[in-house]
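Have a look at the structure below, then the notes.
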Amino acid sequence: MVRSLVSFTSTSYTPFDPLMVDEINVILPIPEHSGVLIFTDKQLYHSDDSGLTVLNHFSNAHRFPLYKDSHRYLNALGCGTHYKTPWLCPFFTLLPLEDTRRTIWINPLKIANTKQADNRCYLELCDGSTLVLPLLQRSVRLHAAQACYALALLRRDLFRFVKKADTPLAYLELPNTPFARLLVKRPLLSQFTHPITAFSRHYTKVTFLARYEKLEAEPTEIDWSLW
């Protein structure tokens, strides 16, 4: 069970509207309640939906890939695992800390520091809040680095005509925090291990196959406005 240092009263938070949100810091399941809290820099929101459903609503609203699609192409690139593949868009990434059916989703660049004590990992966020998780600190650091690498890989392909750099770190805006300083030292972020356009090619293939499968299965149910 995920535990956190957040008390909950549903009337205390604004209902989640994906069009009002630019960047998500954390999606937090509410212990002993249904729904999630969505942390942003400006506002704290509440939704009765699961974290994955909230993330897909956000993706649809902003025309970003759904998680199932990003899961497929990132795994094909070796940038994720079955349970801990990040969600990705050009502006930020969210890392699932456990099974995606009910997990915390966290923006790794919003983590200020981590500590391990009593078989618990304490995540201090940049806004001052703290999450207490039954995870190993080294696992959080490893998967955060993988999520940041995937974000850098995407940005390198998108911005290749206006920015030419050789390292993933050049495509990341890292805050001045202890956690970010640890990320800088990760070998994974010291150089790209994929050729340029590798991300774009896998993204195009997965997107095409997903739409083809939907068209073949339910040709009359396609929402063409999303194409």
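Ordering of the structure tokens sets the chain letters (A, B, ...), residue numbers begin anew at 1 in every chain, and ligands are numbered from 1 in the order given.
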Env of range 97-110 of chain A: 8 Å cut, atoms = only C-alpha atoms, seq-sep filter 2 positions within chain, self excluded. Answer as a ChimeraX atom specification. /A:2,24-29,50-52,83-84,92-95,112,125-126,140,144,147-148,174-175,180
Which residues of range 105-175 of chain A come within 6 Å of range 181-196 of chain A, and what is each one's closest atom pair and distance in Å (one decimal), counting only C-alpha atoms, sorted by chain and residue number, as a tab-separated table?
residue	atom	partner	partner_atom	distance
A:Thr167	CA	A:Gln191	CA	4.6
A:Pro168	CA	A:Leu189	CA	5.3
A:Leu169	CA	A:Leu189	CA	6.0
Mind pulling up the distance from CA of Asn75 in chain A to CA of Ser139 in chain A? 17.8 Å
If you run DSSP on this backbone, which residues of chain A come out as strand (DSSP E), and could you give them as a VMD selection string? chain A and resid 3 to 4 14 to 15 26 to 29 36 to 39 44 to 47 87 to 88 93 to 96 105 to 106 111 to 117 120 to 125 130 to 133
What's the 12 Å shell around Arg201 in chain A, counting only C-alpha atoms, without same-chain residues fewer than 6 positions away, as a list in words?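 What passes the distance filter is Tyr73, Leu74, Ala76, Leu77, Leu153, Leu154, Asp157, Leu158, His194, Pro195, Thr207 and Phe208 of chain A.
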Which is closest to Gly128 in chain A among A:Asn56, A:Ala170, A:Asp41, A:Glu23, if we use only C-alpha atoms? A:Asp41
Tell me, which residues of range 22-223 of chain A carry DSSP alpha helix (DSSP H), written as an MDAnalysis selection string? chainID A and resid 51:62 67:76 137:158 178:184 198:217
How many Å lie between CA of Asp118 in chain A and CA of Pro134 in chain A, rounded to one decimal? 9.3 Å
With only C-alpha atoms as the basis for distance, which of A:Ser34, A:Gln137, A:Asn119, A:Ser70 is at the shortest distance from Val206 in chain A? A:Ser70
